>>> print(open('input-v5.cif').read())   # mmCIF, C-alpha atoms and all ligand atoms
data_structure
loop_
_atom_site.label_atom_id
_atom_site.label_comp_id
_atom_site.auth_asym_id
_atom_site.auth_seq_id
_atom_site.Cartn_x
_atom_site.Cartn_y
_atom_site.Cartn_z
CA MET A 248 76.55 98.25 97.42
CA ALA A 249 74.64 97.42 100.62
CA THR A 250 71.99 99.90 101.70
CA THR A 251 72.75 99.81 105.42
CA MET A 252 75.97 99.78 107.36
CA GLN A 253 77.38 99.60 110.87
CA ALA A 254 78.34 102.97 112.30
CA ALA A 255 79.15 104.48 115.67
CA VAL A 256 76.55 107.00 116.80
CA LEU A 257 77.33 109.38 119.65
CA HIS A 258 74.25 109.90 121.82
CA GLY A 259 75.74 111.82 124.72
CA ARG A 260 78.16 111.55 127.55
CA GLU A 261 79.99 108.19 127.47
CA ASP A 262 77.25 106.88 125.25
CA VAL A 263 78.42 105.59 121.88
CA ARG A 264 76.37 102.88 120.19
CA ILE A 265 77.07 100.83 117.11
CA GLU A 266 73.92 101.06 115.01
CA GLN A 267 72.64 99.92 111.66
CA VAL A 268 72.22 103.11 109.61
CA PRO A 269 71.66 103.87 105.92
CA VAL A 270 74.78 103.93 103.77
CA PRO A 271 75.25 107.59 102.83
CA GLU A 272 74.73 108.64 99.23
CA ALA A 273 76.92 111.11 97.36
CA GLY A 274 75.22 114.42 96.59
CA PRO A 275 76.69 116.88 94.08
CA GLY A 276 80.41 117.33 94.64
CA GLU A 277 80.52 114.67 97.36
CA LEU A 278 82.35 111.39 97.76
CA ILE A 279 81.51 108.18 99.55
CA VAL A 280 84.61 106.58 101.00
CA ARG A 281 84.86 103.01 102.28
CA VAL A 282 86.76 103.48 105.53
CA GLY A 283 90.02 101.56 105.45
CA ALA A 284 91.21 102.76 108.84
CA ALA A 285 89.83 105.18 111.42
CA LEU A 286 91.93 106.30 114.37
CA THR A 287 90.99 107.12 117.92
CA CYS A 288 91.92 110.63 118.94
CA GLY A 289 92.21 112.67 122.11
CA THR A 290 89.52 115.00 120.79
CA ASP A 291 87.15 112.06 120.34
CA LEU A 292 87.99 110.93 123.86
CA LYS A 293 87.12 114.41 125.17
CA VAL A 294 83.90 114.31 123.18
CA PHE A 295 83.11 110.82 124.54
CA ARG A 296 83.64 112.11 128.08
CA ARG A 297 81.72 115.38 127.67
CA GLY A 298 79.06 114.17 125.25
CA TYR A 299 79.56 116.98 122.72
CA HIS A 300 82.09 119.39 121.19
CA ALA A 301 81.08 123.03 120.90
CA LYS A 302 82.54 123.43 117.43
CA MET A 303 82.76 119.97 115.96
CA ILE A 304 79.95 117.64 116.98
CA ARG A 305 76.51 117.70 118.62
CA PRO A 306 74.71 114.42 119.38
CA PRO A 307 73.09 112.35 118.15
CA ALA A 308 75.71 112.22 115.42
CA LEU A 309 78.02 109.93 113.54
CA PHE A 310 81.37 109.91 115.29
CA GLY A 311 85.11 109.83 114.49
CA HIS A 312 87.16 112.11 112.26
CA GLU A 313 90.56 110.60 111.43
CA LEU A 314 90.28 108.28 108.46
CA ALA A 315 91.62 107.09 105.18
CA GLY A 316 89.97 104.77 102.70
CA THR A 317 88.86 104.05 99.17
CA VAL A 318 86.54 106.12 97.01
CA VAL A 319 83.49 104.00 96.14
CA GLU A 320 81.02 106.58 94.85
CA LEU A 321 81.31 110.03 93.26
CA GLY A 322 78.66 112.72 93.30
CA ALA A 323 77.82 114.75 90.22
CA GLY A 324 80.58 117.09 89.19
CA VAL A 325 83.48 115.45 91.02
CA GLU A 326 86.41 115.42 88.62
CA ASN A 327 89.53 115.18 90.75
CA PHE A 328 88.84 111.65 91.96
CA LYS A 329 87.74 108.33 90.55
CA GLN A 330 86.40 105.09 91.99
CA GLY A 331 89.13 103.08 93.69
CA ASP A 332 91.28 106.08 94.58
CA ARG A 333 92.97 105.79 97.97
CA VAL A 334 92.34 109.01 99.87
CA VAL A 335 92.63 110.72 103.21
CA ALA A 336 89.70 113.07 103.77
CA LEU A 337 90.40 115.71 106.39
CA ASN A 338 87.88 116.51 109.11
CA SER A 339 87.26 120.08 108.00
CA ALA A 340 87.54 122.61 105.23
CA PRO A 341 87.54 126.41 105.33
CA CYS A 342 85.15 128.57 103.30
CA GLY A 343 87.84 130.50 101.43
CA ALA A 344 85.76 133.70 101.44
CA CYS A 345 85.68 135.10 104.98
CA TYR A 346 87.97 137.68 106.59
CA TYR A 347 90.24 135.00 108.08
CA CYS A 348 90.46 132.81 104.99
CA LYS A 349 91.48 135.84 102.96
CA ARG A 350 94.26 136.56 105.44
CA GLY A 351 95.58 133.00 105.20
CA GLN A 352 94.31 132.08 108.66
CA GLU A 353 92.01 129.38 107.35
CA ASN A 354 92.13 127.48 110.63
CA LEU A 355 90.13 130.38 112.08
CA CYS A 356 87.54 130.40 109.27
CA ASP A 357 84.21 131.83 110.42
CA ASP A 358 82.48 128.99 108.63
CA LEU A 359 84.78 126.01 109.13
CA LEU A 360 82.89 122.95 107.93
CA PHE A 361 83.50 119.84 110.07
CA ASN A 362 82.84 116.25 109.13
CA ASN A 363 82.39 113.27 111.43
CA GLY A 364 81.50 109.63 110.87
CA ALA A 365 84.84 107.86 110.49
CA TYR A 366 83.87 105.02 112.86
CA ALA A 367 81.72 103.38 110.20
CA GLU A 368 81.93 101.21 107.11
CA PHE A 369 81.37 104.18 104.81
CA ILE A 370 81.59 107.94 105.23
CA ARG A 371 80.19 110.81 103.18
CA ILE A 372 82.71 113.53 102.39
CA PRO A 373 81.03 116.93 101.95
CA ALA A 374 81.69 118.79 98.69
CA ARG A 375 83.85 121.47 100.28
CA ILE A 376 86.15 118.92 101.91
CA VAL A 377 86.32 117.00 98.61
CA ALA A 378 87.34 120.20 96.84
CA LYS A 379 89.81 121.53 99.40
CA ASN A 380 90.96 118.90 101.83
CA THR A 381 90.86 115.40 100.37
CA LEU A 382 94.27 114.07 99.37
CA LEU A 383 95.42 111.11 97.32
CA VAL A 384 97.36 108.59 99.38
CA PRO A 385 100.46 107.13 97.69
CA GLU A 386 100.27 103.37 97.10
CA HIS A 387 103.04 102.54 99.58
CA VAL A 388 101.38 104.33 102.51
CA PRO A 389 99.01 102.14 104.58
CA PHE A 390 95.59 103.65 105.36
CA GLU A 391 96.31 103.67 109.10
CA TYR A 392 99.39 105.83 108.53
CA ALA A 393 97.60 108.15 106.12
CA ALA A 394 94.85 108.65 108.69
CA LEU A 395 97.46 110.32 110.92
CA THR A 396 97.46 113.29 108.53
CA GLU A 397 94.90 115.21 110.58
CA PRO A 398 96.49 115.03 114.05
CA LEU A 399 99.94 115.48 112.53
CA ALA A 400 98.73 118.64 110.79
CA CYS A 401 97.64 120.00 114.18
CA ALA A 402 101.06 119.12 115.61
CA VAL A 403 102.99 120.66 112.72
CA HIS A 404 100.85 123.79 112.98
CA GLY A 405 101.39 124.07 116.74
CA PHE A 406 105.12 123.66 116.37
CA THR A 407 105.69 126.04 113.44
CA ASP A 408 103.30 128.57 114.96
CA SER A 409 105.65 128.74 117.97
CA HIS A 410 108.30 130.18 115.59
CA PRO A 411 111.14 127.82 116.50
CA ARG A 412 114.71 128.57 115.53
CA GLU A 413 117.12 125.80 114.70
CA GLY A 414 118.66 124.31 117.80
CA ASP A 415 116.02 125.75 120.14
CA THR A 416 115.29 123.85 123.30
CA VAL A 417 111.61 122.95 123.24
CA ALA A 418 109.71 121.57 126.22
CA VAL A 419 106.55 119.65 125.40
CA ILE A 420 104.15 119.04 128.28
CA GLY A 421 102.01 115.93 127.89
CA GLY A 422 102.63 112.42 126.62
CA GLY A 423 99.34 111.93 124.82
CA PRO A 424 99.19 111.40 121.05
CA LEU A 425 99.47 115.12 120.25
CA GLY A 426 102.24 115.79 122.76
CA LEU A 427 104.23 112.91 121.30
CA MET A 428 103.60 114.12 117.75
CA ILE A 429 104.70 117.66 118.54
CA LEU A 430 107.88 116.45 120.17
CA HIS A 431 108.61 114.15 117.23
CA VAL A 432 108.09 117.01 114.75
CA ALA A 433 110.31 119.28 116.87
CA ALA A 434 113.05 116.64 117.06
CA LEU A 435 112.87 116.05 113.29
CA SER A 436 113.35 119.79 112.83
CA GLY A 437 116.59 119.78 114.78
CA CYS A 438 115.31 121.11 118.09
CA GLU A 439 116.50 119.82 121.45
CA VAL A 440 113.34 118.39 122.97
CA ILE A 441 112.55 117.96 126.64
CA ALA A 442 109.44 115.81 127.09
CA LEU A 443 107.43 116.21 130.30
CA VAL A 444 105.34 113.09 130.82
CA LYS A 445 103.73 111.14 133.64
CA HIS A 446 103.68 107.48 132.68
CA ASP A 447 106.35 104.89 131.84
CA GLY A 448 104.89 104.09 128.42
CA GLN A 449 104.88 107.79 127.52
CA ALA A 450 108.49 108.16 128.64
CA GLU A 451 109.55 105.26 126.42
CA ALA A 452 107.61 106.59 123.45
CA ALA A 453 109.09 110.07 123.94
CA LYS A 454 112.62 108.67 123.83
CA GLN A 455 111.90 106.60 120.76
CA LEU A 456 110.46 109.65 118.99
CA GLY A 457 113.53 111.76 119.53
CA ALA A 458 113.23 113.53 122.89
CA ALA A 459 116.74 114.43 124.05
CA GLN A 460 115.58 114.44 127.66
CA VAL A 461 112.54 113.03 129.40
CA VAL A 462 111.27 114.47 132.67
CA GLN A 463 108.88 111.93 134.16
CA SER A 464 106.96 113.24 137.14
CA SER A 465 103.41 113.78 138.31
CA GLU A 466 104.55 116.60 140.60
CA ILE A 467 104.42 119.87 138.69
CA ALA A 468 106.92 121.71 140.93
CA GLU A 469 109.39 118.85 140.52
CA ALA A 470 108.90 118.75 136.74
CA ILE A 471 109.54 122.50 136.51
CA ALA A 472 112.67 122.29 138.67
CA LYS A 473 114.07 119.36 136.70
CA THR A 474 113.36 121.00 133.35
CA ARG A 475 114.98 124.27 134.39
CA ALA A 476 118.00 122.36 135.71
CA LEU A 477 118.44 120.78 132.28
CA THR A 478 118.88 124.25 130.79
CA GLY A 479 121.34 125.45 133.43
CA GLY A 480 118.49 127.18 135.28
CA ARG A 481 117.67 129.44 132.34
CA GLY A 482 114.47 127.81 131.12
CA VAL A 483 113.56 126.57 127.65
CA ASP A 484 113.21 128.66 124.50
CA ILE A 485 109.74 127.32 123.77
CA ALA A 486 107.23 125.49 125.96
CA ILE A 487 104.29 123.80 124.29
CA GLU A 488 101.43 122.68 126.47
CA ALA A 489 99.60 119.64 125.05
CA VAL A 490 97.41 118.51 127.92
CA GLY A 491 94.52 120.96 128.08
CA VAL A 492 94.23 121.54 131.83
CA PRO A 493 94.87 124.82 133.73
CA ALA A 494 97.77 123.42 135.78
CA ALA A 495 99.64 122.53 132.61
CA TRP A 496 99.01 125.99 131.13
CA GLN A 497 100.53 127.51 134.29
CA GLU A 498 103.38 125.03 134.18
CA ALA A 499 104.25 126.04 130.61
CA VAL A 500 104.70 129.67 131.68
CA GLU A 501 107.13 128.57 134.41
CA LEU A 502 109.30 126.57 132.00
CA VAL A 503 110.40 129.27 129.55
CA ARG A 504 113.43 131.51 129.67
CA LYS A 505 113.35 135.30 129.47
CA GLY A 506 112.06 136.18 126.03
CA GLY A 507 110.72 132.66 125.55
CA THR A 508 107.51 131.55 123.87
CA VAL A 509 104.64 129.61 125.43
CA ASN A 510 102.12 127.85 123.23
CA PHE A 511 98.87 126.87 124.93
CA PHE A 512 98.14 124.10 122.47
CA GLY A 513 95.80 121.94 124.54
CA GLY A 514 92.19 123.11 124.65
CA CYS A 515 90.60 123.11 128.11
CA ALA A 516 86.92 122.48 128.86
CA THR A 517 84.52 125.33 128.01
CA GLY A 518 84.42 127.97 130.75
CA THR A 519 87.89 127.20 132.12
CA HIS A 520 89.87 130.14 133.52
CA VAL A 521 93.55 130.19 134.42
CA SER A 522 95.45 132.55 136.71
CA LEU A 523 98.97 133.49 135.70
CA ASP A 524 101.81 135.41 137.36
CA THR A 525 101.68 138.74 135.54
CA ASN A 526 105.06 139.90 136.81
CA ARG A 527 106.73 136.82 135.46
CA ILE A 528 105.14 137.36 132.06
CA HIS A 529 105.79 141.09 131.88
CA TYR A 530 109.32 141.40 133.24
CA ASN A 531 110.52 138.31 131.42
CA ASP A 532 109.09 139.44 128.12
CA ILE A 533 107.27 136.17 127.55
CA THR A 534 105.30 135.60 124.36
CA MET A 535 102.11 133.63 124.94
CA LYS A 536 100.08 132.19 122.16
CA ALA A 537 97.71 129.38 121.29
CA THR A 538 97.32 127.36 118.12
CA PHE A 539 94.07 125.87 116.91
CA HIS A 540 93.51 123.27 114.23
CA HIS A 541 95.13 123.22 110.78
CA THR A 542 94.98 124.62 107.25
CA PRO A 543 94.78 122.75 103.91
CA ALA A 544 98.42 123.63 103.15
CA ILE A 545 99.61 122.16 106.45
CA CYS A 546 97.57 119.00 105.85
CA ARG A 547 99.38 118.48 102.55
CA LYS A 548 102.71 118.99 104.25
CA SER A 549 101.88 116.46 106.95
CA LEU A 550 100.81 113.76 104.46
CA GLU A 551 104.13 114.36 102.67
CA MET A 552 105.97 113.85 105.95
CA ILE A 553 104.14 110.56 106.50
CA ALA A 554 104.75 109.38 102.92
CA SER A 555 108.46 110.29 103.11
CA GLY A 556 108.94 107.82 105.96
CA ARG A 557 110.75 110.43 108.06
CA PHE A 558 107.80 110.61 110.38
CA GLN A 559 107.61 107.39 112.43
CA ALA A 560 103.93 106.68 111.80
CA SER A 561 104.11 103.12 113.14
CA ALA A 562 105.08 104.38 116.60
CA PHE A 563 101.71 106.09 116.95
CA ILE A 564 99.63 103.02 116.15
CA THR A 565 99.53 100.89 119.27
CA GLY A 566 96.43 98.77 118.75
CA HIS A 567 93.73 97.52 116.43
CA ALA A 568 90.10 96.94 117.32
CA HIS A 569 86.88 96.18 115.52
CA LEU A 570 84.14 98.80 115.31
CA PHE A 571 82.05 96.72 117.74
CA GLU A 572 84.71 97.22 120.39
CA LEU A 573 84.70 101.03 120.14
CA HIS A 574 82.96 101.66 123.47
CA ARG A 575 85.42 99.42 125.28
CA VAL A 576 88.34 101.10 123.50
CA PHE A 577 87.23 104.52 124.75
CA GLU A 578 86.71 103.20 128.27
CA LYS A 579 90.26 101.89 128.17
CA LEU A 580 91.57 105.23 126.86
CA MET A 581 89.84 106.99 129.78
CA ASN A 582 91.99 104.96 132.15
CA ARG A 583 95.12 106.43 130.59
CA ASN A 584 96.82 103.23 129.59
CA ALA A 585 99.82 103.14 127.31
CA GLU A 586 97.80 103.20 124.08
CA ILE A 587 98.58 106.07 121.74
CA LYS A 588 96.17 105.48 118.87
CA THR A 589 93.96 102.51 118.17
CA VAL A 590 93.01 101.69 114.60
CA ILE A 591 89.29 101.02 114.37
CA VAL A 592 88.59 98.60 111.54
CA PRO A 593 85.02 98.44 110.33
ZN ZN A 601 91.90 114.12 115.87
ZN ZN A 602 86.50 131.22 105.86
#
>>> encode(input="input-v5.cif", output="structure tokens")
Amino acid sequence: MATTMQAAVLHGREDVRIEQVPVPEAGPGELIVRVGAALTCGTDLKVFRRGYHAKMIRPPALFGHELAGTVVELGAGVENFKQGDRVVALNSAPCGACYYCKRGQENLCDDLLFNNGAYAEFIRIPARIVAKNTLLVPEHVPFEYAALTEPLACAVHGFTDSHPREGDTVAVIGGGPLGLMILHVAALSGCEVIALVKHDGQAEAAKQLGAAQVVQSSEIAEAIAKTRALTGGRGVDIAIEAVGVPAAWQEAVELVRKGGTVNFFGGCATGTHVSLDTNRIHYNDITMKATFHHTPAICRKSLEMIASGRFQASAFITGHAHLFELHRVFEKLMNRNAEIKTVIVP
């Protein structure tokens, strides 16, 4: 195996460079995976724009977290995998020992271990992720579909955490990759989905992925009025916000019926505050919640969904680019074009 490789290194705000770095070596319990496909992600775009992520990545650091590939090296003590195995390695793993892990809320683990470095020829998978959150990919599933396991797990978590009942009307605000995934998961579960999007490409994708109705508007008041009209003025059972800006959080609260549930799924920038109409929340008995990240069990479920073919993985892959083009790909994503996810091929 070569001793150096090409990898994307995040140096700060809008500063990602492709550099020649040492190929990682597998320590005890670790794996080295040759990246077959890495996917761009809204979180990576946020990180690119802000230059860091409070929980997940601090520069300078290897970058990218959605990947699938082939095991090329095993550290001492690894028994569940062998060379040549096709795997998807998740971007985190919980400790299994803290208060939250013991309560089954592993997404809230006090010591969640994150891994980055998917935009590279090879990536090191830490022992804890090898042990808890690395999954074998069935032969018929392409790497670029398997790499969707991570974002899909977030979407599945956000949807199920909103406690949907069959036939519920669910509004999803935002036509980005996660908004589209949540609406697709909701539609597959038999919910009536109203997608609130801004752009033509998003509206088309939303329809293809099972939205019963699409409200396309960049005017929030208009989007609220149209959505309420679609439910006979009542409002939706569940509103899931997947944008991560205060206006969308406020919008979500305006969309639900009495007794409805709002899920603030999109994370806003650190320090963001939102003002909400307390009377509306109190007298309408509105449940407000937020969902963060995923658990190992949900990751398994989402890979099963991808492998079953029920989940339309191909609809989420809208482009391919070489690692050298990564900076340009992110600049394009910043301009909100119709791309959902770009596969980065090393
Ligand atoms: Zn992601
Ligand atoms: Zn823990």
>>> closest_atom_pairs(input="input-v5.cif", of="chain A", to="ligand ZN 602 (chain A)", cutoff="9 Å", atoms="all atoms listed in the file", output="tab-separated table")
residue	atom	partner	partner_atom	distance
A:Ala340	CA	A:ZN602	ZN	8.7
A:Pro341	CA	A:ZN602	ZN	4.9
A:Cys342	CA	A:ZN602	ZN	3.9
A:Gly343	CA	A:ZN602	ZN	4.7
A:Ala344	CA	A:ZN602	ZN	5.1
A:Cys345	CA	A:ZN602	ZN	4.1
A:Tyr346	CA	A:ZN602	ZN	6.7
A:Tyr347	CA	A:ZN602	ZN	5.8
A:Cys348	CA	A:ZN602	ZN	4.4
A:Lys349	CA	A:ZN602	ZN	7.4
A:Gln352	CA	A:ZN602	ZN	8.3
A:Glu353	CA	A:ZN602	ZN	6.0
A:Asn354	CA	A:ZN602	ZN	8.3
A:Leu355	CA	A:ZN602	ZN	7.3
A:Cys356	CA	A:ZN602	ZN	3.7
A:Asp357	CA	A:ZN602	ZN	5.1
A:Asp358	CA	A:ZN602	ZN	5.4
A:Leu359	CA	A:ZN602	ZN	6.4
>>> closest_atom_pairs(input="input-v5.cif", of="chain A", to="ligand ZN 601 (chain A)", cutoff="9 Å", atoms="only C-alpha atoms and all ligand atoms", output="tab-separated table")
residue	atom	partner	partner_atom	distance
A:Leu286	CA	A:ZN601	ZN	8.0
A:Thr287	CA	A:ZN601	ZN	7.4
A:Cys288	CA	A:ZN601	ZN	4.6
A:Gly289	CA	A:ZN601	ZN	6.4
A:Thr290	CA	A:ZN601	ZN	5.5
A:Asp291	CA	A:ZN601	ZN	6.8
A:Gly311	CA	A:ZN601	ZN	8.1
A:His312	CA	A:ZN601	ZN	6.3
A:Glu313	CA	A:ZN601	ZN	5.8
A:Asn338	CA	A:ZN601	ZN	8.2
A:Leu395	CA	A:ZN601	ZN	8.4
A:Glu397	CA	A:ZN601	ZN	6.2
A:Pro398	CA	A:ZN601	ZN	5.0
A:Leu399	CA	A:ZN601	ZN	8.8
A:Cys401	CA	A:ZN601	ZN	8.4
A:Leu425	CA	A:ZN601	ZN	8.8
>>> write_last_selection(input="input-v5.cif", atoms="C-alpha atoms", output="CSV table (one decimal), in the coordinates of the input")
chain,number,residue,atom,x,y,z
A,286,LEU,CA,91.9,106.3,114.4
A,287,THR,CA,91.0,107.1,117.9
A,288,CYS,CA,91.9,110.6,118.9
A,289,GLY,CA,92.2,112.7,122.1
A,290,THR,CA,89.5,115.0,120.8
A,291,ASP,CA,87.2,112.1,120.3
A,311,GLY,CA,85.1,109.8,114.5
A,312,HIS,CA,87.2,112.1,112.3
A,313,GLU,CA,90.6,110.6,111.4
A,338,ASN,CA,87.9,116.5,109.1
A,395,LEU,CA,97.5,110.3,110.9
A,397,GLU,CA,94.9,115.2,110.6
A,398,PRO,CA,96.5,115.0,114.0
A,399,LEU,CA,99.9,115.5,112.5
A,401,CYS,CA,97.6,120.0,114.2
A,425,LEU,CA,99.5,115.1,120.2
>>> residues_near_point(input="input-v5.cif", point="(86.7, 120.1, 103.7)", cutoff="9 Å", atoms="all atoms listed in the file", output="ChimeraX atom specification")
/A:336-342,359-362,372-381,543
>>> write_last_selection(input="input-v5.cif", atoms="C-alpha atoms", output="compact mmCIF listing (two decimals), keeping the file's coordinate frame")
# COMPACT_ATOMS: atom_id res chain seq x y z
CA ALA A 336 89.70 113.07 103.77
CA LEU A 337 90.40 115.71 106.39
CA ASN A 338 87.88 116.51 109.11
CA SER A 339 87.26 120.08 108.00
CA ALA A 340 87.54 122.61 105.23
CA PRO A 341 87.54 126.41 105.33
CA CYS A 342 85.15 128.57 103.30
CA LEU A 359 84.78 126.01 109.13
CA LEU A 360 82.89 122.95 107.93
CA PHE A 361 83.50 119.84 110.07
CA ASN A 362 82.84 116.25 109.13
CA ILE A 372 82.71 113.53 102.39
CA PRO A 373 81.03 116.93 101.95
CA ALA A 374 81.69 118.79 98.69
CA ARG A 375 83.85 121.47 100.28
CA ILE A 376 86.15 118.92 101.91
CA VAL A 377 86.32 117.00 98.61
CA ALA A 378 87.34 120.20 96.84
CA LYS A 379 89.81 121.53 99.40
CA ASN A 380 90.96 118.90 101.83
CA THR A 381 90.86 115.40 100.37
CA PRO A 543 94.78 122.75 103.91
>>> atom_distance(input="input-v5.cif", atom1="CA of Ala499 (chain A)", atom2="CA of Ile467 (chain A)")
10.2 Å
>>> atom_distance(input="input-v5.cif", atom1="CA of Tyr530 (chain A)", atom2="CA of Arg481 (chain A)")
14.6 Å
>>> atom_distance(input="input-v5.cif", atom1="CA of Glu586 (chain A)", atom2="CA of Val500 (chain A)")
28.4 Å
>>> closest_residue(input="input-v5.cif", among="A:Ala459, A:Ile370, A:Leu314, A:Leu309", to="Glu277 (chain A)", atoms="only C-alpha atoms")
A:Ile370
>>> residues_around(input="input-v5.cif", residues="Gly448 (chain A)", least_positions_apart="2", cutoff="10 Å", atoms="only C-alpha atoms", output="PyMOL selection string")
chain A and resi 422+444-446+450-453+584-587
>>> residues_around(input="input-v5.cif", residues="Gln497 (chain A)", least_positions_apart="6", cutoff="12 Å", atoms="all atoms listed in the file", output="list in words")
Ile420, Ile467, Ala468, Ile471, Ala486, Ile487, Glu488, Val490, Gly491, Val503, Val509, Asn510, Phe511, His520, Val521, Ser522, Leu523, Asp524, Thr525, Arg527, Ile528 and Met535 of chain A
>>> residues_around(input="input-v5.cif", residues="Ile265 (chain A)", least_positions_apart="4", cutoff="10 Å", atoms="only C-alpha atoms", output="list in words")
Met252, Gln253, Ala254, Ala255, Val256, Leu257, Leu309, Tyr366, Ala367, Leu570, Phe571, Glu572, Leu573 and His574 of chain A
>>> residues_around(input="input-v5.cif", residues="Val388 (chain A)", least_positions_apart="4", cutoff="10 Å", atoms="all atoms listed in the file", output="PyMOL selection string")
chain A and resi 333+384+392-394+550+553-556+560
>>> residues_near_point(input="input-v5.cif", point="(105.5, 137.0, 124.4)", cutoff="7 Å", atoms="only C-alpha atoms", output="compact mmCIF listing (two decimals) with C-alpha atoms, keeping the file's coordinate frame")
# COMPACT_ATOMS: atom_id res chain seq x y z
CA GLY A 506 112.06 136.18 126.03
CA GLY A 507 110.72 132.66 125.55
CA THR A 508 107.51 131.55 123.87
CA ASP A 532 109.09 139.44 128.12
CA ILE A 533 107.27 136.17 127.55
CA THR A 534 105.30 135.60 124.36
CA MET A 535 102.11 133.63 124.94
>>> build_atoms(input="input-v5.cif", residues="region 435-451 of chain A", atoms="N, CA and C atoms", output="PDB file, in the coordinates of the input")
ATOM      1  N   LEU A 435     112.537 116.177 114.712  1.00  0.00           N
ATOM      2  CA  LEU A 435     112.870 116.050 113.290  1.00  0.00           C
ATOM      3  C   LEU A 435     113.373 117.368 112.709  1.00  0.00           C
ATOM      4  N   SER A 436     112.935 118.477 113.316  1.00  0.00           N
ATOM      5  CA  SER A 436     113.350 119.790 112.830  1.00  0.00           C
ATOM      6  C   SER A 436     114.659 120.261 113.439  1.00  0.00           C
ATOM      7  N   GLY A 437     115.286 119.419 114.237  1.00  0.00           N
ATOM      8  CA  GLY A 437     116.590 119.780 114.780  1.00  0.00           C
ATOM      9  C   GLY A 437     116.545 120.518 116.102  1.00  0.00           C
ATOM     10  N   CYS A 438     115.379 120.496 116.763  1.00  0.00           N
ATOM     11  CA  CYS A 438     115.310 121.110 118.090  1.00  0.00           C
ATOM     12  C   CYS A 438     115.714 120.102 119.150  1.00  0.00           C
ATOM     13  N   GLU A 439     116.151 120.625 120.278  1.00  0.00           N
ATOM     14  CA  GLU A 439     116.500 119.820 121.450  1.00  0.00           C
ATOM     15  C   GLU A 439     115.218 119.710 122.278  1.00  0.00           C
ATOM     16  N   VAL A 440     114.661 118.508 122.340  1.00  0.00           N
ATOM     17  CA  VAL A 440     113.340 118.390 122.970  1.00  0.00           C
ATOM     18  C   VAL A 440     113.428 117.817 124.373  1.00  0.00           C
ATOM     19  N   ILE A 441     112.736 118.499 125.295  1.00  0.00           N
ATOM     20  CA  ILE A 441     112.550 117.960 126.640  1.00  0.00           C
ATOM     21  C   ILE A 441     111.075 117.567 126.757  1.00  0.00           C
ATOM     22  N   ALA A 442     110.817 116.281 126.983  1.00  0.00           N
ATOM     23  CA  ALA A 442     109.440 115.810 127.090  1.00  0.00           C
ATOM     24  C   ALA A 442     109.056 115.714 128.566  1.00  0.00           C
ATOM     25  N   LEU A 443     107.933 116.310 128.930  1.00  0.00           N
ATOM     26  CA  LEU A 443     107.430 116.210 130.300  1.00  0.00           C
ATOM     27  C   LEU A 443     106.222 115.288 130.296  1.00  0.00           C
ATOM     28  N   VAL A 444     106.398 114.103 130.858  1.00  0.00           N
ATOM     29  CA  VAL A 444     105.340 113.090 130.820  1.00  0.00           C
ATOM     30  C   VAL A 444     105.127 112.509 132.216  1.00  0.00           C
ATOM     31  N   LYS A 445     104.047 111.730 132.330  1.00  0.00           N
ATOM     32  CA  LYS A 445     103.730 111.140 133.640  1.00  0.00           C
ATOM     33  C   LYS A 445     104.000 109.643 133.694  1.00  0.00           C
ATOM     34  N   HIS A 446     103.698 108.943 132.608  1.00  0.00           N
ATOM     35  CA  HIS A 446     103.680 107.480 132.680  1.00  0.00           C
ATOM     36  C   HIS A 446     104.878 106.847 131.974  1.00  0.00           C
ATOM     37  N   ASP A 447     105.195 105.618 132.394  1.00  0.00           N
ATOM     38  CA  ASP A 447     106.350 104.890 131.840  1.00  0.00           C
ATOM     39  C   ASP A 447     106.245 104.733 130.326  1.00  0.00           C
ATOM     40  N   GLY A 448     105.064 104.317 129.853  1.00  0.00           N
ATOM     41  CA  GLY A 448     104.890 104.090 128.420  1.00  0.00           C
ATOM     42  C   GLY A 448     105.142 105.370 127.623  1.00  0.00           C
ATOM     43  N   GLN A 449     104.686 106.494 128.182  1.00  0.00           N
ATOM     44  CA  GLN A 449     104.880 107.790 127.520  1.00  0.00           C
ATOM     45  C   GLN A 449     106.360 108.152 127.478  1.00  0.00           C
ATOM     46  N   ALA A 450     107.059 107.852 128.569  1.00  0.00           N
ATOM     47  CA  ALA A 450     108.490 108.160 128.640  1.00  0.00           C
ATOM     48  C   ALA A 450     109.254 107.366 127.575  1.00  0.00           C
ATOM     49  N   GLU A 451     108.897 106.094 127.442  1.00  0.00           N
ATOM     50  CA  GLU A 451     109.550 105.260 126.420  1.00  0.00           C
ATOM     51  C   GLU A 451     109.270 105.772 125.025  1.00  0.00           C
TER      52      GLU A 451
END
